[in-house]
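Student: Contents are mmCIF, C-alpha atoms and all ligand atoms; file name data_18.cif:
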```cif
data_structure
loop_
_atom_site.label_atom_id
_atom_site.label_comp_id
_atom_site.auth_asym_id
_atom_site.auth_seq_id
_atom_site.Cartn_x
_atom_site.Cartn_y
_atom_site.Cartn_z
CA THR A 1 -216.69 133.86 -21.26
CA GLN A 2 -217.05 133.63 -17.52
CA GLY A 3 -216.94 137.40 -17.18
CA SER A 4 -215.38 138.60 -13.98
CA PHE A 5 -217.39 136.45 -11.62
CA ASP A 6 -215.20 134.37 -9.34
CA TRP A 7 -216.80 131.68 -7.19
CA ASP A 8 -213.80 131.38 -4.85
CA ASN A 9 -214.06 135.00 -3.70
CA TYR A 10 -217.82 134.94 -3.66
CA LEU A 11 -218.00 131.85 -1.47
CA VAL A 12 -215.55 133.35 1.00
CA GLU A 13 -217.31 136.72 1.06
CA SER A 14 -220.71 135.16 1.53
CA GLY A 15 -219.45 132.55 3.97
CA SER A 16 -221.15 129.83 2.01
CA ILE A 17 -220.22 126.50 0.48
CA ALA A 18 -220.60 125.15 -3.01
CA ALA A 19 -222.85 122.13 -3.42
CA PRO A 20 -220.49 119.19 -4.07
CA GLN A 21 -220.34 117.53 -7.49
CA SER A 22 -222.01 114.40 -6.08
CA CYS A 23 -225.28 116.35 -5.65
CA PHE A 24 -225.71 116.78 -9.40
CA LYS A 25 -226.82 114.75 -12.36
CA GLN A 26 -223.99 116.23 -14.41
CA SER A 27 -220.77 114.67 -15.60
CA PHE A 28 -217.61 115.91 -13.91
CA THR A 29 -216.26 117.04 -17.27
CA PRO A 30 -218.93 118.86 -19.27
CA PRO A 31 -219.70 116.95 -22.47
CA LEU A 32 -218.24 118.09 -25.79
CA ASN A 33 -220.71 119.69 -28.18
CA GLU A 34 -220.22 118.22 -31.66
CA PHE A 35 -223.57 119.34 -33.07
CA LYS A 36 -223.78 121.91 -35.86
CA LEU A 37 -226.46 124.49 -36.46
CA ASN A 38 -229.51 123.23 -38.37
CA MET A 39 -228.77 119.57 -37.75
CA LYS A 40 -231.90 117.49 -37.23
CA ILE A 41 -232.57 115.09 -34.41
CA GLU A 42 -235.53 113.46 -32.70
CA ALA A 43 -236.55 114.97 -29.36
CA VAL A 44 -239.18 114.46 -26.71
CA ASP A 45 -241.78 117.23 -27.08
CA PRO A 46 -241.36 119.24 -23.85
CA ARG A 47 -245.06 120.09 -23.90
CA ASN A 48 -246.20 116.53 -24.59
CA LEU A 49 -243.75 114.13 -22.99
CA THR A 50 -245.16 111.00 -24.61
CA SER A 51 -244.42 112.16 -28.12
CA ILE A 52 -241.17 112.26 -30.04
CA CYS A 53 -240.77 114.87 -32.74
CA VAL A 54 -238.28 116.07 -35.32
CA ALA A 55 -236.24 118.98 -33.96
CA SER A 56 -233.62 121.31 -35.42
CA VAL A 57 -230.63 122.79 -33.65
CA VAL A 58 -231.28 126.53 -33.91
CA GLY A 59 -228.65 127.69 -31.44
CA MET A 60 -226.00 126.48 -29.05
CA ILE A 61 -224.06 127.72 -26.03
CA GLY A 62 -221.31 125.43 -24.79
CA PRO A 63 -222.79 121.93 -24.36
CA ARG A 64 -226.38 123.25 -24.54
CA LEU A 65 -228.56 123.15 -27.65
CA ARG A 66 -231.40 125.47 -28.49
CA LEU A 67 -233.99 123.29 -30.20
CA ARG A 68 -237.09 124.01 -32.27
CA LEU A 69 -239.59 121.31 -33.16
CA ASP A 70 -240.14 121.20 -36.92
CA GLY A 71 -243.65 122.44 -37.70
CA SER A 72 -243.79 124.44 -34.48
CA ASP A 73 -243.35 128.19 -34.16
CA ASN A 74 -240.29 130.04 -32.90
CA LYS A 75 -241.97 130.87 -29.57
CA ASN A 76 -241.51 127.43 -28.06
CA ASP A 77 -237.78 126.86 -28.39
CA PHE A 78 -236.22 124.87 -25.56
CA TRP A 79 -232.73 124.02 -24.37
CA ARG A 80 -231.18 120.61 -23.79
CA LEU A 81 -227.72 119.41 -22.91
CA VAL A 82 -225.96 117.29 -25.54
CA ASP A 83 -226.05 114.40 -23.03
CA SER A 84 -229.81 114.68 -22.44
CA SER A 85 -231.82 111.46 -22.65
CA ASP A 86 -234.54 113.45 -24.44
CA LEU A 87 -232.47 113.56 -27.63
CA HIS A 88 -232.14 110.81 -30.22
CA LEU A 89 -230.78 110.08 -33.65
CA ILE A 90 -233.16 110.46 -36.58
CA GLY A 91 -234.55 106.97 -37.06
CA TYR A 92 -234.75 106.16 -33.34
CA CYS A 93 -238.53 106.29 -33.16
CA GLU A 94 -239.04 104.04 -36.16
CA LEU A 95 -236.44 101.60 -34.85
CA PHE A 96 -238.49 101.14 -31.72
CA GLY A 97 -241.78 100.84 -33.56
CA GLY A 98 -242.98 104.35 -32.80
CA LEU A 99 -244.19 107.10 -35.07
CA LEU A 100 -242.81 110.59 -35.22
CA GLN A 101 -245.51 112.96 -33.98
CA PRO A 102 -246.40 116.50 -35.01
CA PRO A 103 -245.40 118.91 -32.21
CA LEU A 104 -248.05 120.26 -29.90
CA GLY A 105 -249.08 123.42 -31.72
CA PHE A 106 -248.32 122.07 -35.22
CA ARG A 107 -248.93 125.12 -37.40
CA MET A 108 -250.58 123.30 -40.29
CA ASN A 109 -253.59 121.13 -40.85
CA PRO A 110 -253.03 117.77 -39.10
CA SER A 111 -253.77 115.98 -42.36
CA SER A 112 -250.69 117.58 -43.89
CA TRP A 113 -248.38 116.05 -41.27
CA PRO A 114 -247.12 113.02 -43.26
CA ALA A 115 -246.18 115.21 -46.23
CA PHE A 116 -244.64 117.83 -43.93
CA LEU A 117 -242.53 115.19 -42.20
CA GLN A 118 -241.23 113.84 -45.46
CA LYS A 119 -240.39 117.30 -46.73
CA THR A 120 -238.68 118.45 -43.54
CA LEU A 121 -236.40 115.40 -43.48
CA ASN A 122 -235.68 115.38 -47.19
CA GLY A 123 -232.09 116.45 -47.78
CA ALA A 124 -231.72 117.56 -44.16
CA GLU A 125 -228.42 117.31 -42.32
CA VAL A 126 -228.96 114.63 -39.71
CA ALA A 127 -226.90 114.75 -36.52
CA PRO A 128 -224.53 111.72 -36.47
CA ALA A 129 -224.43 109.28 -33.55
CA GLU A 130 -221.17 110.71 -32.11
CA CYS A 131 -222.99 113.94 -31.27
CA PHE A 132 -225.20 112.24 -28.70
CA LYS A 133 -223.45 111.83 -25.37
CA LYS A 134 -224.31 109.38 -22.65
CA GLU A 135 -226.54 110.73 -19.92
CA PRO A 136 -224.72 110.97 -16.57
CA PRO A 137 -225.91 108.77 -13.70
CA THR A 138 -228.55 110.01 -11.25
CA PRO A 139 -227.31 110.59 -7.69
CA LYS A 140 -228.97 108.08 -5.36
CA CYS A 141 -230.58 110.69 -3.16
CA ASN A 142 -231.03 114.38 -2.62
CA GLU A 143 -227.78 115.56 -1.00
CA PHE A 144 -228.50 119.28 -1.32
CA LYS A 145 -228.59 121.31 1.87
CA VAL A 146 -230.09 124.75 2.44
CA GLY A 147 -227.57 127.50 1.73
CA MET A 148 -225.44 125.53 -0.73
CA LYS A 149 -224.41 127.47 -3.85
CA LEU A 150 -224.77 126.25 -7.41
CA GLU A 151 -225.27 127.40 -10.99
CA ALA A 152 -228.81 127.09 -12.31
CA VAL A 153 -230.78 127.75 -15.47
CA ASP A 154 -233.08 130.76 -15.19
CA ARG A 155 -236.21 129.01 -16.43
CA LYS A 156 -237.82 132.30 -17.42
CA ASN A 157 -234.76 133.15 -19.53
CA PRO A 158 -233.53 129.64 -20.23
CA GLN A 159 -230.49 130.70 -22.22
CA LEU A 160 -229.09 132.06 -18.94
CA ILE A 161 -227.21 130.22 -16.20
CA CYS A 162 -226.88 132.13 -12.95
CA PRO A 163 -225.39 131.88 -9.47
CA ALA A 164 -228.00 130.40 -7.16
CA THR A 165 -228.57 129.17 -3.62
CA VAL A 166 -230.58 126.25 -2.30
CA GLY A 167 -233.35 128.04 -0.40
CA ALA A 168 -235.19 124.98 0.88
CA VAL A 169 -235.20 121.22 0.57
CA ASN A 170 -238.30 119.04 0.66
CA GLY A 171 -237.88 115.36 -0.08
CA ASP A 172 -236.61 115.02 -3.65
CA GLN A 173 -237.25 118.70 -4.38
CA ILE A 174 -235.07 121.74 -3.89
CA HIS A 175 -236.00 125.41 -4.03
CA VAL A 176 -233.59 127.25 -6.33
CA THR A 177 -233.18 130.94 -5.50
CA PHE A 178 -231.17 133.33 -7.68
CA ASP A 179 -228.52 135.38 -5.95
CA GLY A 180 -229.22 139.08 -6.08
CA TRP A 181 -232.72 138.73 -7.53
CA ARG A 182 -236.07 138.84 -5.78
CA GLY A 183 -238.22 135.73 -5.82
CA ALA A 184 -239.68 136.11 -9.32
CA PHE A 185 -237.23 133.67 -10.90
CA ASP A 186 -237.11 131.08 -8.11
CA TYR A 187 -238.46 127.58 -8.69
CA TRP A 188 -238.81 124.16 -7.14
CA CYS A 189 -237.33 121.22 -9.01
CA ARG A 190 -236.09 117.70 -8.43
CA TYR A 191 -232.54 117.38 -7.13
CA ASP A 192 -231.58 115.51 -10.31
CA SER A 193 -232.80 118.24 -12.68
CA ARG A 194 -230.49 118.83 -15.63
CA ASP A 195 -230.92 122.58 -15.04
CA LEU A 196 -228.64 122.47 -11.99
CA PHE A 197 -224.85 122.59 -12.18
CA PRO A 198 -221.95 122.66 -9.75
CA CYS A 199 -220.09 125.94 -9.26
CA ASP A 200 -217.56 126.44 -12.07
CA TRP A 201 -219.52 124.26 -14.53
CA CYS A 202 -219.91 127.32 -16.77
CA LEU A 203 -216.21 128.05 -16.55
CA LYS A 204 -215.38 124.45 -17.48
CA SER A 205 -217.89 124.21 -20.30
CA GLY A 206 -217.35 127.57 -21.97
CA HIS A 207 -220.88 128.72 -21.14
CA GLN A 208 -221.47 132.23 -19.90
CA LEU A 209 -222.35 132.64 -16.25
CA GLN A 210 -224.53 135.63 -15.42
CA PRO A 211 -223.29 137.82 -12.59
CA PRO A 212 -225.52 137.83 -9.48
CA GLY A 213 -228.27 140.45 -9.52
CA GLN A 214 -228.12 143.64 -7.50
CA LYS A 215 -230.96 143.18 -5.08
CA GLY A 216 -228.77 142.40 -2.11
CA ASN A 217 -227.84 139.05 -0.80
CA PRO A 218 -230.54 136.80 0.65
CA GLN A 219 -228.44 136.50 3.78
CA LEU A 220 -228.96 140.19 4.40
CA LYS A 221 -232.71 139.83 4.62
CA SER A 222 -234.05 141.07 7.92
CA SER A 223 -235.52 138.57 10.33
CA LYS A 224 -239.00 139.52 9.14
CA GLY A 225 -238.02 138.32 5.71
CA LYS A 226 -238.04 141.77 4.21
CA GLU A 227 -235.04 142.71 2.18
CA VAL A 228 -232.88 145.37 3.71
CA PRO A 229 -232.23 148.10 1.17
CA LEU A 230 -228.54 147.72 0.52
CA SER A 231 -227.89 150.89 -1.34
CA ILE A 232 -229.79 153.98 -2.21
CA SER A 233 -230.06 154.53 -5.96
CA LEU A 234 -227.48 156.97 -7.09
CA PRO A 235 -228.78 160.01 -8.92
CA THR A 236 -228.70 159.58 -12.67
CA SER A 237 -227.27 163.04 -13.18
CA ASN A 238 -224.04 163.82 -11.45
CA THR A 239 -224.82 167.42 -10.62
CA SER A 240 -224.90 166.55 -6.95
CA GLY A 241 -221.51 164.96 -7.15
CA ASN A 242 -220.99 162.01 -4.93
CA SER A 243 -224.27 161.51 -3.18
CA GLY A 244 -222.51 159.96 -0.28
CA SER A 245 -224.53 156.80 -0.50
CA LYS A 246 -222.17 154.00 0.14
CA ALA A 247 -222.43 150.97 -1.97
CA SER A 248 -222.05 148.28 0.62
CA PRO A 249 -219.20 145.83 0.21
CA SER A 250 -221.11 143.73 -2.11
CA LEU A 251 -221.79 140.07 -1.96
CA GLY A 252 -223.93 140.26 -5.00
CA GLY A 253 -221.54 142.18 -7.14
CA GLY A 254 -223.89 144.94 -6.37
CA ALA A 255 -222.22 148.31 -6.16
CA GLY A 256 -225.04 148.98 -8.51
CA LYS A 257 -225.78 152.34 -9.93
CA SER A 258 -229.44 151.86 -9.22
CA LEU A 259 -231.99 149.19 -8.71
CA HIS A 260 -232.94 147.41 -11.85
CA SER A 261 -235.92 149.07 -13.39
CA ASN A 262 -237.54 145.78 -14.15
CA SER A 263 -236.73 142.51 -12.56
CA THR A 264 -239.19 140.38 -14.39
CA SER A 265 -238.79 141.28 -18.03
N1 LIG B 301 -235.44 140.65 -18.37
C1 LIG B 301 -234.74 140.62 -17.14
C2 LIG B 301 -233.85 139.40 -17.07
C3 LIG B 301 -233.69 139.00 -15.70
C4 LIG B 301 -232.86 137.75 -15.58
C5 LIG B 301 -232.92 137.28 -14.17
N2 LIG B 301 -232.19 136.08 -13.95
C6 LIG B 301 -230.78 136.27 -14.25
C7 LIG B 301 -232.40 135.56 -12.60
C8 LIG B 301 -233.89 141.85 -16.94
O1 LIG B 301 -233.27 142.26 -17.91
O2 LIG B 301 -233.86 142.39 -15.86
#
```
What's the structure tokens form of this structure?
Ligand code: MLY

Tutor:
Amino acid sequence: TQGSFDWDNYLVESGSIAAPQSCFKQSFTPPLNEFKLNMKIEAVDPRNLTSICVASVVGMIGPRLRLRLDGSDNKNDFWRLVDSSDLHLIGYCELFGGLLQPPLGFRMNPSSWPAFLQKTLNGAEVAPAECFKKEPPTPKCNEFKVGMKLEAVDRKNPQLICPATVGAVNGDQIHVTFDGWRGAFDYWCRYDSRDLFPCDWCLKSGHQLQPPGQKGNPQLKSSKGKEVPLSISLPTSNTSGNSGSKASPSLGGGAGKSLHSNSTS
């Protein structure tokens, strides 16, 4: 499921190093996913971090779960690792004296919440305790250095994990830049974010890894910070035969036929 992307070659070709395992809040061996589709759990509402809600597993890729809060719409799905501390057994909230909350954006009248909650849990398949894996420890400090390579969740397309480079470091924060893509997908996050993985995490976990984009490697940016056009788009018709434009030996996998028509969709 890794596709043809090979970190070993890529690191050599780009003259870069992989961020070491010790940088990451990820277990050395990716956790086993024992959840099944439609199982119910309790989860921290990503839009309202003080409330815990009922969630259903609506998808999975490797050790990652696609979750939907019951009573919410299908536009606010989110992804969590099976060893995320945001996930709990059904009954967890009650055990600790809390109350399960309607999700932010509960579709129905708030007064219908107690009845909705009862109905949604009635006869539901509840994820058993074995499914929930222990959260890995947090590295003591930010060990990332500018230029280190990693795999990172594309937060605008959070089902995707992509080759990335540390673009900057500032205290506990790192700037994640996506190889072969312009800045639109970049983000700052804490060094211990669960959206960051060591190189080959996808390979080890059975998750797909996206190939780098085709916008040229960040290292080929000119000193003024402008990207150097790496290749001229090839004509879409082949009447002119080989246009003679050379696809440069690509760091970004980029002997691309043309520039992507849309880098932000
Ligand atoms: N809708 C976009 C997806 C871009 C994904 C970019 N990530 C991988 C950094 C497209 O199809 O171009």

Student: Kindly provide, as an MDAnalysis selection string, all nucleotide and amino acid residues lying within 9 Å of ligand LIG 301 (chain B), counting all atoms listed in the file.

Tutor: chainID A and resid 153:157 160:164 177:186 210:213 260:265

Student: Which neighbours of Ser84 in chain A fall inside 10 Å, counting only C-alpha atoms, when residues of the same chain fewer than 5 positions from it are skipped, and could you give them as a PyMOL selection string?

Tutor: chain A and resi 43+64+79+132-136+194

Student: With C-alpha atoms retained, could you export that selection as a compact mmCIF listing (two decimals), in the frame of the given file?

Tutor:
```
# COMPACT_ATOMS: atom_id res chain seq x y z
CA ALA A 43 -236.55 114.97 -29.36
CA ARG A 64 -226.38 123.25 -24.54
CA TRP A 79 -232.73 124.02 -24.37
CA PHE A 132 -225.20 112.24 -28.70
CA LYS A 133 -223.45 111.83 -25.37
CA LYS A 134 -224.31 109.38 -22.65
CA GLU A 135 -226.54 110.73 -19.92
CA PRO A 136 -224.72 110.97 -16.57
CA ARG A 194 -230.49 118.83 -15.63
```

Student: Find, counting all atoms listed in the file, the residue in A:Tyr187, A:Phe35, A:Phe197, A:Trp113 that gets nearest to Met148 in chain A.

Tutor: A:Phe197

Student: Can you work out the spacing between CA of Ser16 in chain A and CA of Glu151 in chain A in Å, to one decimal?

Tutor: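 Separation between CA of Ser16 in chain A and CA of Glu151 in chain A: 13.9 Å.
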
Student: Between CA of Phe116 in chain A and CA of Val82 in chain A, what is the spacing in Å?

Tutor: 26.2 Å

Student: My list of candidates is A:Val176, A:Val54, A:Ile61, A:Cys93. Which is closest to Leu117 in chain A when distances are computed with all atoms listed in the file?

Tutor: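 The answer is A:Val54, which sits nearest to Leu117 in chain A.
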
Student: Write out as a PyMOL selection string which residues come within 9 Å of range 200-204 of chain A when counting all atoms listed in the file, dropping same-chain ones fewer than 6 positions away.

Tutor: chain A and resi 1-2+6-7+28-30+62+150-151+161

Student: With distances taken over all atoms listed in the file, which residue among A:Gly91, A:Gly15, A:Arg66, A:Gln101 lies nearest Ile52 in chain A?

Tutor: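 For Ile52 in chain A, the nearest of the candidates is A:Gln101.
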
Student: Would you please work out which residue, of A:Gly105, A:Pro114, A:Gly167, A:Gly59, is nearest to Ser72 in chain A when using all atoms listed in the file?

Tutor: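 Ranking A:Gly105, A:Pro114, A:Gly167, A:Gly59 by distance to Ser72 in chain A, first place goes to A:Gly105.
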
Student: Could you check the closest approach to Ser85 in chain A for each of A:Asn122, A:Ser22, A:Thr138, A:Gln214 and tell me which residue wins, using all atoms listed in the file?

Tutor: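 The shortest atom-to-atom distance to Ser85 in chain A comes from A:Thr138.
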
Student: Extract range 68-89 of chain A from the preceding block and save N, CA and C atoms as a PDB file, in the first residue's frame.

Tutor:
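Result file follows (part_6.pdb):
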```pdb
ATOM      1  N   ARG A  68     -17.239   9.850  13.612  1.00  0.00           N
ATOM      2  CA  ARG A  68     -18.352  10.802  13.453  1.00  0.00           C
ATOM      3  C   ARG A  68     -19.104  10.848  14.775  1.00  0.00           C
ATOM      4  N   LEU A  69     -19.297  12.048  15.291  1.00  0.00           N
ATOM      5  CA  LEU A  69     -20.026  12.177  16.555  1.00  0.00           C
ATOM      6  C   LEU A  69     -21.507  11.926  16.296  1.00  0.00           C
ATOM      7  N   ASP A  70     -22.117  11.070  17.087  1.00  0.00           N
ATOM      8  CA  ASP A  70     -23.538  10.751  16.910  1.00  0.00           C
ATOM      9  C   ASP A  70     -24.364  12.022  17.133  1.00  0.00           C
ATOM     10  N   GLY A  71     -25.245  12.305  16.192  1.00  0.00           N
ATOM     11  CA  GLY A  71     -26.074  13.512  16.276  1.00  0.00           C
ATOM     12  C   GLY A  71     -25.468  14.673  15.516  1.00  0.00           C
ATOM     13  N   SER A  72     -24.234  14.466  15.014  1.00  0.00           N
ATOM     14  CA  SER A  72     -23.590  15.490  14.196  1.00  0.00           C
ATOM     15  C   SER A  72     -23.864  15.161  12.725  1.00  0.00           C
ATOM     16  N   ASP A  73     -23.367  16.001  11.833  1.00  0.00           N
ATOM     17  CA  ASP A  73     -23.543  15.718  10.411  1.00  0.00           C
ATOM     18  C   ASP A  73     -22.310  14.967   9.896  1.00  0.00           C
ATOM     19  N   ASN A  74     -22.311  14.680   8.599  1.00  0.00           N
ATOM     20  CA  ASN A  74     -21.167  13.944   8.049  1.00  0.00           C
ATOM     21  C   ASN A  74     -20.082  14.880   7.519  1.00  0.00           C
ATOM     22  N   LYS A  75     -20.180  16.166   7.844  1.00  0.00           N
ATOM     23  CA  LYS A  75     -19.202  17.149   7.359  1.00  0.00           C
ATOM     24  C   LYS A  75     -18.117  17.411   8.399  1.00  0.00           C
ATOM     25  N   ASN A  76     -18.231  16.812   9.530  1.00  0.00           N
ATOM     26  CA  ASN A  76     -17.279  17.107  10.612  1.00  0.00           C
ATOM     27  C   ASN A  76     -16.575  15.858  11.112  1.00  0.00           C
ATOM     28  N   ASP A  77     -16.406  14.884  10.218  1.00  0.00           N
ATOM     29  CA  ASP A  77     -15.671  13.677  10.592  1.00  0.00           C
ATOM     30  C   ASP A  77     -14.237  14.049  10.951  1.00  0.00           C
ATOM     31  N   PHE A  78     -13.617  13.258  11.791  1.00  0.00           N
ATOM     32  CA  PHE A  78     -12.232  13.520  12.183  1.00  0.00           C
ATOM     33  C   PHE A  78     -11.535  12.181  12.351  1.00  0.00           C
ATOM     34  N   TRP A  79     -10.208  12.245  12.365  1.00  0.00           N
ATOM     35  CA  TRP A  79      -9.392  11.026  12.406  1.00  0.00           C
ATOM     36  C   TRP A  79      -8.613  10.958  13.706  1.00  0.00           C
ATOM     37  N   ARG A  80      -8.562   9.790  14.297  1.00  0.00           N
ATOM     38  CA  ARG A  80      -7.736   9.586  15.500  1.00  0.00           C
ATOM     39  C   ARG A  80      -7.037   8.244  15.393  1.00  0.00           C
ATOM     40  N   LEU A  81      -5.852   8.186  15.977  1.00  0.00           N
ATOM     41  CA  LEU A  81      -5.141   6.917  16.092  1.00  0.00           C
ATOM     42  C   LEU A  81      -5.805   6.065  17.162  1.00  0.00           C
ATOM     43  N   VAL A  82      -5.687   4.739  17.021  1.00  0.00           N
ATOM     44  CA  VAL A  82      -6.310   3.843  18.006  1.00  0.00           C
ATOM     45  C   VAL A  82      -5.660   3.979  19.391  1.00  0.00           C
ATOM     46  N   ASP A  83      -4.473   4.609  19.457  1.00  0.00           N
ATOM     47  CA  ASP A  83      -3.842   4.845  20.761  1.00  0.00           C
ATOM     48  C   ASP A  83      -3.957   6.315  21.189  1.00  0.00           C
ATOM     49  N   SER A  84      -4.985   6.995  20.672  1.00  0.00           N
ATOM     50  CA  SER A  84      -5.207   8.393  21.068  1.00  0.00           C
ATOM     51  C   SER A  84      -5.847   8.459  22.454  1.00  0.00           C
ATOM     52  N   SER A  85      -5.409   9.430  23.247  1.00  0.00           N
ATOM     53  CA  SER A  85      -6.002   9.626  24.578  1.00  0.00           C
ATOM     54  C   SER A  85      -7.362  10.312  24.490  1.00  0.00           C
ATOM     55  N   ASP A  86      -7.785  10.675  23.296  1.00  0.00           N
ATOM     56  CA  ASP A  86      -9.110  11.289  23.121  1.00  0.00           C
ATOM     57  C   ASP A  86     -10.226  10.255  23.048  1.00  0.00           C
ATOM     58  N   LEU A  87      -9.866   8.991  23.020  1.00  0.00           N
ATOM     59  CA  LEU A  87     -10.865   7.931  22.816  1.00  0.00           C
ATOM     60  C   LEU A  87     -11.061   7.110  24.088  1.00  0.00           C
ATOM     61  N   HIS A  88     -12.306   6.780  24.366  1.00  0.00           N
ATOM     62  CA  HIS A  88     -12.622   6.029  25.582  1.00  0.00           C
ATOM     63  C   HIS A  88     -13.721   5.009  25.321  1.00  0.00           C
ATOM     64  N   LEU A  89     -13.752   4.042  26.218  1.00  0.00           N
ATOM     65  CA  LEU A  89     -14.838   3.055  26.235  1.00  0.00           C
ATOM     66  C   LEU A  89     -16.172   3.748  26.518  1.00  0.00           C
TER      67      LEU A  89
END
```
